[in-house]
file my_file-v4.pdb (PDB, C-alpha atoms)
ATOM      1  CA  MET Y   1     -36.205 -28.191  22.998
ATOM      2  CA  VAL Y   2     -36.248 -31.888  22.063
ATOM      3  CA  VAL Y   3     -35.269 -31.004  18.491
ATOM      4  CA  LEU Y   4     -32.416 -28.814  19.724
ATOM      5  CA  TYR Y   5     -31.257 -31.536  22.115
ATOM      6  CA  CYS Y   6     -31.231 -34.146  19.359
ATOM      7  CA  ASN Y   7     -29.153 -31.744  17.248
ATOM      8  CA  LYS Y   8     -26.857 -30.605  20.059
ATOM      9  CA  LYS Y   9     -23.707 -31.412  18.053
ATOM     10  CA  LYS Y  10     -24.890 -29.173  15.225
ATOM     11  CA  MET Y  11     -25.826 -26.439  17.678
ATOM     12  CA  SER Y  12     -22.388 -26.728  19.292
ATOM     13  CA  THR Y  13     -20.839 -26.202  15.871
ATOM     14  CA  ILE Y  14     -22.976 -23.097  15.335
ATOM     15  CA  TYR Y  15     -22.127 -21.769  18.789
ATOM     16  CA  ASP Y  16     -18.391 -22.320  18.278
ATOM     17  CA  ASN Y  17     -18.597 -20.549  14.928
ATOM     18  CA  MET Y  18     -20.369 -17.573  16.483
ATOM     19  CA  MET Y  19     -17.749 -17.329  19.220
ATOM     20  CA  ALA Y  20     -14.984 -17.513  16.606
ATOM     21  CA  ASN Y  21     -16.640 -14.674  14.667
ATOM     22  CA  TRP Y  22     -16.639 -12.483  17.780
ATOM     23  CA  LYS Y  23     -13.027 -13.313  18.655
ATOM     24  CA  SER Y  24     -11.635 -12.873  15.139
ATOM     25  CA  LYS Y  25      -9.745  -9.744  14.159
ATOM     26  CA  LYS Y  26     -12.042  -7.068  12.716
ATOM     27  CA  SER Y  27     -12.262  -3.336  12.106
ATOM     28  CA  ASN Y  28     -14.224  -0.937  14.317
ATOM     29  CA  GLU Y  29     -16.877  -0.658  11.610
ATOM     30  CA  GLU Y  30     -17.316  -4.428  11.482
ATOM     31  CA  LEU Y  31     -17.458  -4.608  15.281
ATOM     32  CA  ASP Y  32     -20.173  -1.926  15.325
ATOM     33  CA  ILE Y  33     -22.204  -3.949  12.804
ATOM     34  CA  MET Y  34     -21.998  -7.055  14.994
ATOM     35  CA  ILE Y  35     -22.882  -5.131  18.162
ATOM     36  CA  LYS Y  36     -25.898  -3.459  16.545
ATOM     37  CA  SER Y  37     -27.049  -6.770  15.100
ATOM     38  CA  GLY Y  38     -26.610  -8.463  18.487
ATOM     39  CA  ARG Y  39     -28.732  -5.783  20.139
ATOM     40  CA  LYS Y  40     -31.473  -6.231  17.546
ATOM     41  CA  GLY Y  41     -31.360  -9.968  18.150
ATOM     42  CA  LYS Y  42     -31.721  -9.322  21.874
ATOM     43  CA  GLN Y  43     -34.709  -7.029  21.253
ATOM     44  CA  PHE Y  44     -36.463  -9.651  19.118
ATOM     45  CA  SER Y  45     -35.697 -12.290  21.741
ATOM     46  CA  LEU Y  46     -37.335 -10.144  24.412
ATOM     47  CA  ILE Y  47     -40.351  -9.579  22.164
ATOM     48  CA  CYS Y  48     -40.769 -13.354  21.754
ATOM     49  CA  LEU Y  49     -40.433 -13.919  25.518
ATOM     50  CA  ILE Y  50     -42.796 -11.083  26.455
ATOM     51  CA  MET Y  51     -45.478 -12.136  23.948
ATOM     52  CA  GLY Y  52     -45.435 -15.697  25.267
ATOM     53  CA  HIS Y  53     -45.671 -14.730  28.942
ATOM     54  CA  VAL Y  54     -48.315 -12.059  28.297
ATOM     55  CA  THR Y  55     -50.441 -14.757  26.649
ATOM     56  CA  ILE Y  56     -50.268 -17.201  29.572
ATOM     57  CA  THR Y  57     -50.873 -14.339  32.015
ATOM     58  CA  ALA Y  58     -53.953 -13.306  30.024
ATOM     59  CA  ARG Y  59     -55.241 -16.878  30.323
ATOM     60  CA  LEU Y  60     -54.592 -16.797  34.090
ATOM     61  CA  VAL Y  61     -56.599 -13.571  34.416
ATOM     62  CA  GLN Y  62     -59.411 -15.110  32.388
ATOM     63  CA  CYS Y  63     -59.399 -18.245  34.568
ATOM     64  CA  ILE Y  64     -59.549 -16.203  37.794
ATOM     65  CA  PHE Y  65     -62.326 -13.984  36.434
ATOM     66  CA  GLU Y  66     -64.436 -16.987  35.388
ATOM     67  CA  ASN Y  67     -64.035 -18.758  38.737
ATOM     68  CA  LEU Y  68     -64.805 -15.805  41.029
ATOM     69  CA  PRO Y  69     -68.531 -16.715  41.345
ATOM     70  CA  ASN Y  70     -67.622 -20.326  42.189
ATOM     71  CA  TRP Y  71     -65.292 -19.348  45.014
ATOM     72  CA  ASN Y  72     -68.136 -17.381  46.612
ATOM     73  CA  SER Y  73     -70.535 -20.308  46.329
ATOM     74  CA  PRO Y  74     -71.280 -22.402  49.462
ATOM     75  CA  VAL Y  75     -71.781 -25.563  47.354
ATOM     76  CA  HIS Y  76     -69.086 -28.227  47.808
ATOM     77  CA  LEU Y  77     -68.887 -29.395  44.171
ATOM     78  CA  ARG Y  78     -68.689 -26.311  41.967
ATOM     79  CA  ASN Y  79     -68.600 -25.541  38.268
ATOM     80  CA  PHE Y  80     -64.918 -24.581  38.175
ATOM     81  CA  THR Y  81     -63.031 -23.829  34.946
ATOM     82  CA  LEU Y  82     -59.536 -25.288  34.763
ATOM     83  CA  TYR Y  83     -56.577 -23.248  33.554
ATOM     84  CA  VAL Y  84     -56.163 -25.884  30.821
ATOM     85  CA  ASP Y  85     -59.149 -28.027  29.865
ATOM     86  CA  ALA Y  86     -58.471 -31.613  30.940
ATOM     87  CA  TYR Y  87     -60.065 -34.836  32.149
ATOM     88  CA  PHE Y  88     -59.092 -36.654  35.353
ATOM     89  CA  PRO Y  89     -60.120 -40.052  36.796
ATOM     90  CA  PHE Y  90     -61.210 -38.366  40.042
ATOM     91  CA  ARG Y  91     -63.318 -35.459  41.245
ATOM     92  CA  TRP Y  92     -61.434 -32.182  41.146
ATOM     93  CA  ASN Y  93     -64.166 -29.527  41.162
ATOM     94  CA  TYR Y  94     -63.850 -28.584  44.840
ATOM     95  CA  SER Y  95     -61.329 -26.674  46.921
ATOM     96  CA  PRO Y  96     -58.386 -27.108  47.430
ATOM     97  CA  THR Y  97     -57.997 -29.835  44.758
ATOM     98  CA  PHE Y  98     -59.014 -27.424  42.009
ATOM     99  CA  GLU Y  99     -56.496 -24.787  43.099
ATOM    100  CA  ILE Y 100     -53.656 -27.352  43.298
ATOM    101  CA  ILE Y 101     -54.396 -28.679  39.797
ATOM    102  CA  CYS Y 102     -54.573 -25.154  38.382
ATOM    103  CA  CYS Y 103     -51.234 -24.243  39.966
ATOM    104  CA  LEU Y 104     -49.604 -27.345  38.489
ATOM    105  CA  GLN Y 105     -51.120 -26.569  35.074
ATOM    106  CA  TYR Y 106     -49.895 -22.995  35.243
ATOM    107  CA  ILE Y 107     -46.357 -24.088  36.198
ATOM    108  CA  GLY Y 108     -46.364 -26.597  33.333
ATOM    109  CA  THR Y 109     -47.550 -23.917  30.908
ATOM    110  CA  VAL Y 110     -44.836 -21.508  32.087
ATOM    111  CA  CYS Y 111     -42.172 -24.198  31.555
ATOM    112  CA  GLY Y 112     -43.563 -24.988  28.109
ATOM    113  CA  THR Y 113     -43.639 -21.293  27.214
ATOM    114  CA  ILE Y 114     -40.030 -20.837  28.327
ATOM    115  CA  ALA Y 115     -38.973 -23.738  26.099
ATOM    116  CA  TYR Y 116     -41.047 -22.491  23.161
ATOM    117  CA  THR Y 117     -40.107 -18.816  23.372
ATOM    118  CA  GLY Y 118     -36.518 -19.714  24.261
ATOM    119  CA  THR Y 119     -36.198 -21.575  20.964
ATOM    120  CA  ASP Y 120     -37.702 -18.562  19.158
ATOM    121  CA  SER Y 121     -35.213 -16.271  20.891
ATOM    122  CA  PHE Y 122     -32.302 -18.519  19.964
ATOM    123  CA  PHE Y 123     -33.337 -18.487  16.305
ATOM    124  CA  SER Y 124     -33.624 -14.672  16.425
ATOM    125  CA  GLN Y 125     -30.053 -14.386  17.701
ATOM    126  CA  LEU Y 126     -28.778 -16.775  15.022
ATOM    127  CA  SER Y 127     -30.564 -14.902  12.234
ATOM    128  CA  PHE Y 128     -29.244 -11.484  13.222
ATOM    129  CA  HIS Y 129     -25.733 -12.815  13.770
ATOM    130  CA  TYR Y 130     -25.429 -14.292  10.282
ATOM    131  CA  THR Y 131     -27.123 -11.271   8.755
ATOM    132  CA  ALA Y 132     -24.295  -9.219  10.272
ATOM    133  CA  GLN Y 133     -21.727 -11.667   8.866
ATOM    134  CA  TYR Y 134     -23.145 -11.199   5.365
ATOM    135  CA  HIS Y 135     -22.970  -7.429   5.839
ATOM    136  CA  ILE Y 136     -19.325  -7.644   6.950
ATOM    137  CA  LEU Y 137     -18.544  -9.893   4.005
ATOM    138  CA  ARG Y 138     -19.958  -7.299   1.605
ATOM    139  CA  LEU Y 139     -17.846  -4.555   3.171
ATOM    140  CA  ARG Y 140     -14.687  -6.647   2.878
ATOM    141  CA  LEU Y 141     -15.351  -7.389  -0.781
ATOM    142  CA  LEU Y 142     -16.023  -3.734  -1.595
ATOM    143  CA  HIS Y 143     -12.904  -2.623   0.243
ATOM    144  CA  LEU Y 144     -10.734  -5.247  -1.468
ATOM    145  CA  ILE Y 145     -11.882  -4.535  -5.032
ATOM    146  CA  ASN Y 146     -12.234  -0.755  -4.796
ATOM    147  CA  ASN Y 147      -8.770  -0.357  -3.249
ATOM    148  CA  PHE Y 148      -6.958  -2.729  -5.580
ATOM    149  CA  ASN Y 149      -4.495  -0.031  -6.679
ATOM    150  CA  ASN Y 150      -3.172   0.153  -3.121
ATOM    151  CA  ALA Y 151       0.206  -1.584  -3.178
ATOM    152  CA  LYS Y 152      -0.380  -3.381   0.136
ATOM    153  CA  ILE Y 153      -3.741  -4.758  -0.968
ATOM    154  CA  LYS Y 154      -2.506  -5.655  -4.463
ATOM    155  CA  SER Y 155       0.261  -7.814  -3.043
ATOM    156  CA  LYS Y 156      -2.158  -9.791  -0.870
ATOM    157  CA  PHE Y 157      -5.178  -9.737  -3.189
ATOM    158  CA  ASN Y 158      -5.330 -13.493  -3.822
ATOM    159  CA  GLU Y 159      -4.998 -14.307  -0.131
ATOM    160  CA  LYS Y 160      -7.696 -11.841   0.927
ATOM    161  CA  PHE Y 161     -10.020 -12.881  -1.885
ATOM    162  CA  ASN Y 162      -9.560 -16.528  -0.913
ATOM    163  CA  ASN Y 163     -10.451 -15.622   2.692
ATOM    164  CA  ILE Y 164     -13.656 -13.956   1.503
ATOM    165  CA  ILE Y 165     -14.671 -17.036  -0.478
ATOM    166  CA  ASN Y 166     -13.939 -19.312   2.491
ATOM    167  CA  PHE Y 167     -15.849 -16.989   4.843
ATOM    168  CA  HIS Y 168     -18.823 -16.986   2.475
ATOM    169  CA  HIS Y 169     -18.777 -20.784   2.310
ATOM    170  CA  GLN Y 170     -18.561 -20.956   6.106
ATOM    171  CA  ILE Y 171     -21.621 -18.720   6.551
ATOM    172  CA  ASN Y 172     -23.638 -20.732   4.034
ATOM    173  CA  SER Y 173     -22.642 -23.987   5.735
ATOM    174  CA  CYS Y 174     -23.800 -22.684   9.127
ATOM    175  CA  ILE Y 175     -27.126 -21.549   7.694
ATOM    176  CA  GLU Y 176     -27.577 -24.990   6.117
ATOM    177  CA  ILE Y 177     -27.065 -26.485   9.582
ATOM    178  CA  ILE Y 178     -29.697 -24.115  10.997
ATOM    179  CA  GLU Y 179     -32.111 -25.017   8.213
ATOM    180  CA  SER Y 180     -31.614 -28.768   8.693
ATOM    181  CA  THR Y 181     -32.247 -28.347  12.431
ATOM    182  CA  PHE Y 182     -35.322 -26.131  12.321
ATOM    183  CA  HIS Y 183     -37.146 -27.247   9.166
ATOM    184  CA  LEU Y 184     -39.316 -29.932  10.836
ATOM    185  CA  MET Y 185     -40.065 -27.613  13.739
ATOM    186  CA  PHE Y 186     -41.172 -24.937  11.280
ATOM    187  CA  LEU Y 187     -43.368 -27.414   9.404
ATOM    188  CA  VAL Y 188     -45.305 -28.209  12.592
ATOM    189  CA  GLN Y 189     -45.609 -24.492  13.379
ATOM    190  CA  LEU Y 190     -46.779 -23.767   9.846
ATOM    191  CA  LEU Y 191     -49.622 -26.298  10.030
ATOM    192  CA  ALA Y 192     -50.562 -25.377  13.595
ATOM    193  CA  CYS Y 193     -50.511 -21.659  12.845
ATOM    194  CA  THR Y 194     -52.844 -22.064   9.849
ATOM    195  CA  PHE Y 195     -55.517 -23.841  11.881
ATOM    196  CA  GLN Y 196     -55.033 -21.735  15.022
ATOM    197  CA  ILE Y 197     -55.545 -18.467  13.132
ATOM    198  CA  CYS Y 198     -58.692 -19.875  11.549
ATOM    199  CA  LEU Y 199     -60.160 -21.339  14.754
ATOM    200  CA  GLN Y 200     -59.338 -18.392  17.005
ATOM    201  CA  ALA Y 201     -60.883 -15.989  14.502
ATOM    202  CA  TYR Y 202     -63.971 -18.248  14.359
ATOM    203  CA  PHE Y 203     -64.300 -18.327  18.162
ATOM    204  CA  PHE Y 204     -63.896 -14.561  18.259
ATOM    205  CA  ILE Y 205     -66.772 -14.114  15.788
ATOM    206  CA  LEU Y 206     -68.926 -16.550  17.780
ATOM    207  CA  PHE Y 207     -68.350 -14.658  21.018
ATOM    208  CA  ILE Y 208     -68.933 -11.132  19.681
ATOM    209  CA  THR Y 209     -72.120 -12.217  17.854
ATOM    210  CA  HIS Y 210     -73.499 -13.986  20.953
ATOM    211  CA  GLU Y 211     -76.474 -12.329  22.627
ATOM    212  CA  ASN Y 212     -74.692 -12.174  25.999
ATOM    213  CA  HIS Y 213     -71.290 -11.274  24.631
ATOM    214  CA  SER Y 214     -70.784  -8.724  27.414
ATOM    215  CA  SER Y 215     -70.489 -11.628  29.884
ATOM    216  CA  MET Y 216     -67.780 -13.165  27.710
ATOM    217  CA  ILE Y 217     -65.435 -10.185  27.792
ATOM    218  CA  SER Y 218     -62.644 -12.233  29.439
ATOM    219  CA  GLU Y 219     -62.828 -14.907  26.702
ATOM    220  CA  ILE Y 220     -62.785 -12.230  23.996
ATOM    221  CA  LEU Y 221     -59.761 -10.473  25.503
ATOM    222  CA  PHE Y 222     -57.835 -13.734  25.799
ATOM    223  CA  ILE Y 223     -58.604 -14.689  22.194
ATOM    224  CA  VAL Y 224     -57.354 -11.270  21.037
ATOM    225  CA  VAL Y 225     -54.094 -11.667  23.007
ATOM    226  CA  PHE Y 226     -53.609 -15.259  21.845
ATOM    227  CA  PHE Y 227     -54.390 -14.318  18.238
ATOM    228  CA  MET Y 228     -51.834 -11.493  18.340
ATOM    229  CA  TYR Y 229     -49.237 -13.886  19.750
ATOM    230  CA  ILE Y 230     -49.788 -16.446  16.971
ATOM    231  CA  ILE Y 231     -49.665 -13.821  14.226
ATOM    232  CA  GLY Y 232     -46.730 -11.955  15.783
ATOM    233  CA  ASN Y 233     -44.671 -15.102  16.350
ATOM    234  CA  PHE Y 234     -45.183 -16.334  12.800
ATOM    235  CA  TYR Y 235     -44.458 -12.873  11.373
ATOM    236  CA  ILE Y 236     -41.153 -12.694  13.257
ATOM    237  CA  TYR Y 237     -40.060 -16.023  11.785
ATOM    238  CA  CYS Y 238     -40.949 -14.869   8.283
ATOM    239  CA  TYR Y 239     -39.175 -11.544   8.842
ATOM    240  CA  LEU Y 240     -35.965 -13.185  10.071
ATOM    241  CA  THR Y 241     -35.808 -15.715   7.242
ATOM    242  CA  GLU Y 242     -36.604 -13.038   4.646
ATOM    243  CA  MET Y 243     -33.826 -10.884   6.096
ATOM    244  CA  LEU Y 244     -31.281 -13.706   5.731
ATOM    245  CA  GLN Y 245     -32.391 -14.374   2.184
ATOM    246  CA  MET Y 246     -32.130 -10.690   1.191
ATOM    247  CA  GLU Y 247     -28.644 -10.404   2.706
ATOM    248  CA  SER Y 248     -27.441 -13.383   0.693
ATOM    249  CA  TYR Y 249     -28.883 -11.741  -2.446
ATOM    250  CA  ALA Y 250     -27.171  -8.467  -1.508
ATOM    251  CA  PHE Y 251     -23.784 -10.167  -1.264
ATOM    252  CA  ALA Y 252     -24.086 -11.449  -4.832
ATOM    253  CA  ASP Y 253     -25.114  -7.965  -6.007
ATOM    254  CA  THR Y 254     -22.036  -6.462  -4.328
ATOM    255  CA  ALA Y 255     -19.846  -8.117  -6.949
ATOM    256  CA  TYR Y 256     -21.600  -5.965  -9.560
ATOM    257  CA  GLU Y 257     -21.326  -2.810  -7.464
ATOM    258  CA  THR Y 258     -17.547  -3.006  -7.039
ATOM    259  CA  GLU Y 259     -15.071  -1.331  -9.396
ATOM    260  CA  TRP Y 260     -14.313  -4.690 -10.995
ATOM    261  CA  PHE Y 261     -13.386  -2.952 -14.261
ATOM    262  CA  ASN Y 262     -10.156  -1.736 -12.622
ATOM    263  CA  LEU Y 263      -8.993  -5.296 -12.014
ATOM    264  CA  PRO Y 264      -6.797  -7.299 -14.381
ATOM    265  CA  SER Y 265      -8.846  -9.625 -16.540
ATOM    266  CA  GLN Y 266      -7.757 -12.790 -14.693
ATOM    267  CA  LYS Y 267      -8.673 -11.354 -11.300
ATOM    268  CA  ALA Y 268     -11.953  -9.922 -12.591
ATOM    269  CA  LYS Y 269     -12.956 -13.402 -13.744
ATOM    270  CA  SER Y 270     -12.580 -14.653 -10.173
ATOM    271  CA  LEU Y 271     -15.614 -12.554  -9.242
ATOM    272  CA  LEU Y 272     -17.689 -14.977 -11.312
ATOM    273  CA  LEU Y 273     -17.261 -17.477  -8.462
ATOM    274  CA  LEU Y 274     -19.030 -15.133  -6.059
ATOM    275  CA  MET Y 275     -21.728 -14.239  -8.570
ATOM    276  CA  ARG Y 276     -22.299 -17.915  -9.239
ATOM    277  CA  SER Y 277     -22.591 -18.816  -5.556
ATOM    278  CA  GLY Y 278     -24.916 -15.863  -4.965
ATOM    279  CA  ASN Y 279     -27.371 -16.950  -7.653
ATOM    280  CA  LYS Y 280     -28.808 -19.454  -5.180
ATOM    281  CA  PRO Y 281     -29.618 -17.532  -1.976
ATOM    282  CA  VAL Y 282     -29.835 -19.223   1.399
ATOM    283  CA  GLN Y 283     -33.335 -20.294   2.348
ATOM    284  CA  ILE Y 284     -34.965 -21.451   5.570
ATOM    285  CA  THR Y 285     -37.766 -23.887   4.794
ATOM    286  CA  ALA Y 286     -40.594 -25.732   6.497
ATOM    287  CA  GLY Y 287     -40.212 -29.425   5.814
ATOM    288  CA  LYS Y 288     -37.745 -28.778   2.958
ATOM    289  CA  PHE Y 289     -40.478 -27.702   0.540
ATOM    290  CA  VAL Y 290     -41.964 -24.369   1.714
ATOM    291  CA  VAL Y 291     -39.674 -21.331   1.947
ATOM    292  CA  PHE Y 292     -40.268 -19.064   4.947
ATOM    293  CA  ASN Y 293     -40.703 -15.453   3.788
ATOM    294  CA  PHE Y 294     -43.300 -12.681   3.643
ATOM    295  CA  GLN Y 295     -44.986 -14.319   0.674
ATOM    296  CA  LEU Y 296     -45.616 -17.415   2.814
ATOM    297  CA  PHE Y 297     -46.969 -15.217   5.615
ATOM    298  CA  GLY Y 298     -49.515 -13.710   3.213
ATOM    299  CA  SER Y 299     -50.441 -17.150   1.890
ATOM    300  CA  ILE Y 300     -51.048 -18.525   5.394
ATOM    301  CA  ILE Y 301     -53.282 -15.588   6.323
ATOM    302  CA  LYS Y 302     -55.189 -15.996   3.054
ATOM    303  CA  THR Y 303     -55.585 -19.761   3.577
ATOM    304  CA  SER Y 304     -56.749 -19.303   7.167
ATOM    305  CA  MET Y 305     -59.321 -16.736   6.138
ATOM    306  CA  GLY Y 306     -60.530 -19.153   3.460
ATOM    307  CA  TYR Y 307     -61.091 -21.831   6.110
ATOM    308  CA  LEU Y 308     -62.797 -19.237   8.307
ATOM    309  CA  SER Y 309     -65.147 -18.253   5.510
ATOM    310  CA  PHE Y 310     -66.015 -21.932   5.027
ATOM    311  CA  LEU Y 311     -66.794 -22.403   8.741
ATOM    312  CA  ILE Y 312     -68.995 -19.296   8.838
ATOM    313  CA  THR Y 313     -70.878 -20.398   5.721
ATOM    314  CA  MET Y 314     -71.467 -23.874   7.179
ATOM    315  CA  ARG Y 315     -72.708 -22.357  10.431
ATOM    316  CA  LYS Y 316     -75.171 -20.108   8.634
ATOM    317  CA  SER Y 317     -76.422 -22.948   6.443
ATOM    318  CA  ASN Y 318     -77.123 -25.056   9.544
TER     319      ASN Y 318
END

call {"tool": "encode", "arguments": {"input": "my_file-v4.pdb", "output": "structure tokens"}}
result
Amino acid sequence: MVVLYCNKKKMSTIYDNMMANWKSKKSNEELDIMIKSGRKGKQFSLICLIMGHVTITARLVQCIFENLPNWNSPVHLRNFTLYVDAYFPFRWNYSPTFEIICCLQYIGTVCGTIAYTGTDSFFSQLSFHYTAQYHILRLRLLHLINNFNNAKIKSKFNEKFNNIINFHHQINSCIEIIESTFHLMFLVQLLACTFQICLQAYFFILFITHENHSSMISEILFIVVFFMYIIGNFYIYCYLTEMLQMESYAFADTAYETEWFNLPSQKAKSLLLLMRSGNKPVQITAGKFVVFNFQLFGSIIKTSMGYLSFLITMRKSN
């Protein structure tokens, strides 16, 4: 949320552009594409929100389950487990101080989750919106080239083709703004995700191989939920960025798929501009040097498992 606030002018530009896309004149087919894409963006946003809140709820259940014996104990100072591990300059392990601290921690975690998942949801909406714009752009190009012999289209060919080029440049500019806003955020997530996958998998192995693992069922369940959230969240990011990249590739390929051979030579040469611009697809990166896509997702899983194997080997050797 801090990153988005610091880039609020850029985000205002993106928002204004999205509103202009919705208000602009379009065919029923193009409107259907935008509506379907908007619904998919909403679905992915809900998935991000639900995964985040399921995770913090799972931690709450675990915390309650672990503290049940302490609440039944007559001892004043008890061995309570906080919702979030922390250190305080005062005694907190007695009622009602413990309950008050846990409530404050839970409220803080909910607020943090709303900010975190809200940013994920916003990125999902942006990705699907500009994917739809690429799709519409491809349809317009196909319609313009394949119907060149139509007298109405032939008379306005240069104007319509110029609009397509400007629209393509506008989409690419907006995606560059998105990339410049999110790339540092994604870098932090990339590093955190690598270590979290490794450590959570390591804790899971420790718990299930423990002699009294049946008493740790709440910890195991929480680790499974948290692990699924980390993997699922990172996969969604990779899916969305891969989708944008493939759509930008598809637009360049559309120039080949049109009936360009029916155009006069001078107008056919103008398609080289689109082919040229499509040779470099849009990319969302982490820190400007790692491209987010499915290949990165596989690399992160592989790297995390490598770290996990190292930790297990060190544990056995000790």

call {"tool": "residues_around", "arguments": {"input": "my_file-v4.pdb", "residues": "Thr285 in chain Y", "least_positions_apart": "6", "cutoff": "10 Å", "atoms": "only C-alpha atoms", "output": "ChimeraX atom specification"}}
result
/Y:179-180,182-187,241,291-293

call {"tool": "resolve_selection", "arguments": {"input": "my_file-v4.pdb", "expression": "the PyMOL selection byres ((chain Y and resi 78-91) around 6)", "output": "compact mmCIF listing (two decimals) with C-alpha atoms, in the frame of the given file"}}
result
# COMPACT_ATOMS: atom_id res chain seq x y z
CA CYS Y 63 -59.40 -18.24 34.57
CA ASN Y 67 -64.04 -18.76 38.74
CA LEU Y 77 -68.89 -29.40 44.17
CA TRP Y 92 -61.43 -32.18 41.15
CA ASN Y 93 -64.17 -29.53 41.16
CA CYS Y 102 -54.57 -25.15 38.38

call {"tool": "atom_distance", "arguments": {"input": "my_file-v4.pdb", "atom1": "CA of Tyr249 in chain Y", "atom2": "CA of Leu141 in chain Y"}}
result
14.3 Å

call {"tool": "axis_aligned_box", "arguments": {"input": "my_file-v4.pdb", "around": "range 132-151 of chain Y", "padding_each_side": "3 Å", "output": "AutoDock Vina command-line options"}}
result
--center_x -12.0 --center_y -5.8 --center_z 1.8 --size_x 30.5 --size_y 17.8 --size_z 23.0

call {"tool": "resolve_selection", "arguments": {"input": "my_file-v4.pdb", "expression": "the PyMOL selection byres ((chain Y and resi 262-278) around 7)", "output": "list in words"}}
result
Ser248, Tyr249, Phe251, Ala252, Ala255, Glu259, Trp260, Phe261, Asn279, Lys280 and Pro281 of chain Y

call {"tool": "residues_around", "arguments": {"input": "my_file-v4.pdb", "residues": "range 188-193 of chain Y", "least_positions_apart": "4", "cutoff": "10 Å", "atoms": "all atoms listed in the file", "output": "PyMOL selection string"}}
result
chain Y and resi 183-184+197-199+227+230-231+233-234+286-287+290+292+296-297+300-301+304

call {"tool": "residues_around", "arguments": {"input": "my_file-v4.pdb", "residues": "range 168-171 of chain Y", "least_positions_apart": "3", "cutoff": "8 Å", "atoms": "all atoms listed in the file", "output": "list in words"}}
result
Tyr130, Gln133, Tyr134, Leu137, Ile164, Ile165, Cys174 and Ile175 of chain Y

call {"tool": "atom_distance", "arguments": {"input": "my_file-v4.pdb", "atom1": "CA of Tyr202 in chain Y", "atom2": "CA of Thr303 in chain Y"}}
result
13.7 Å

call {"tool": "closest_residue", "arguments": {"input": "my_file-v4.pdb", "among": "Y:Lys23, Y:Ile177, Y:Thr313, Y:Gln200", "to": "Tyr229 in chain Y", "atoms": "all atoms listed in the file"}}
result
Y:Gln200

call {"tool": "atom_distance", "arguments": {"input": "my_file-v4.pdb", "atom1": "CA of His135 in chain Y", "atom2": "CA of Glu247 in chain Y"}}
result
7.1 Å

call {"tool": "residues_around", "arguments": {"input": "my_file-v4.pdb", "residues": "Leu221 in chain Y", "least_positions_apart": "2", "cutoff": "12 Å", "atoms": "all atoms listed in the file", "output": "PyMOL selection string"}}
result
chain Y and resi 54-55+57-63+65+200+203-204+207-208+213-219+223-228

call {"tool": "closest_residue", "arguments": {"input": "my_file-v4.pdb", "among": "Y:Thr131, Y:Thr117, Y:Leu311, Y:Ile14", "to": "Ser37 in chain Y", "atoms": "only C-alpha atoms"}}
result
Y:Thr131

call {"tool": "resolve_selection", "arguments": {"input": "my_file-v4.pdb", "expression": "the PyMOL selection byres ((chain Y and resi 38) around 10)", "output": "list in words"}}
result
Asp32, Ile33, Met34, Ile35, Lys36, Ser37, Arg39, Lys40, Gly41, Lys42, Gln43, Phe44, Ser124, Gln125, Leu126, Ser127, Phe128, His129 and Ala132 of chain Y

call {"tool": "write_last_selection", "arguments": {"input": "my_file-v4.pdb", "atoms": "C-alpha atoms", "output": "PDB file, in the frame of the given file"}}
result
ATOM      1  CA  ASP Y  32     -20.173  -1.926  15.325  1.00  0.00           C
ATOM      2  CA  ILE Y  33     -22.204  -3.949  12.804  1.00  0.00           C
ATOM      3  CA  MET Y  34     -21.998  -7.055  14.994  1.00  0.00           C
ATOM      4  CA  ILE Y  35     -22.882  -5.131  18.162  1.00  0.00           C
ATOM      5  CA  LYS Y  36     -25.898  -3.459  16.545  1.00  0.00           C
ATOM      6  CA  SER Y  37     -27.049  -6.770  15.100  1.00  0.00           C
ATOM      7  CA  ARG Y  39     -28.732  -5.783  20.139  1.00  0.00           C
ATOM      8  CA  LYS Y  40     -31.473  -6.231  17.546  1.00  0.00           C
ATOM      9  CA  GLY Y  41     -31.360  -9.968  18.150  1.00  0.00           C
ATOM     10  CA  LYS Y  42     -31.721  -9.322  21.874  1.00  0.00           C
ATOM     11  CA  GLN Y  43     -34.709  -7.029  21.253  1.00  0.00           C
ATOM     12  CA  PHE Y  44     -36.463  -9.651  19.118  1.00  0.00           C
ATOM     13  CA  SER Y 124     -33.624 -14.672  16.425  1.00  0.00           C
ATOM     14  CA  GLN Y 125     -30.053 -14.386  17.701  1.00  0.00           C
ATOM     15  CA  LEU Y 126     -28.778 -16.775  15.022  1.00  0.00           C
ATOM     16  CA  SER Y 127     -30.564 -14.902  12.234  1.00  0.00           C
ATOM     17  CA  PHE Y 128     -29.244 -11.484  13.222  1.00  0.00           C
ATOM     18  CA  HIS Y 129     -25.733 -12.815  13.770  1.00  0.00           C
ATOM     19  CA  ALA Y 132     -24.295  -9.219  10.272  1.00  0.00           C
TER      20      ALA Y 132
END
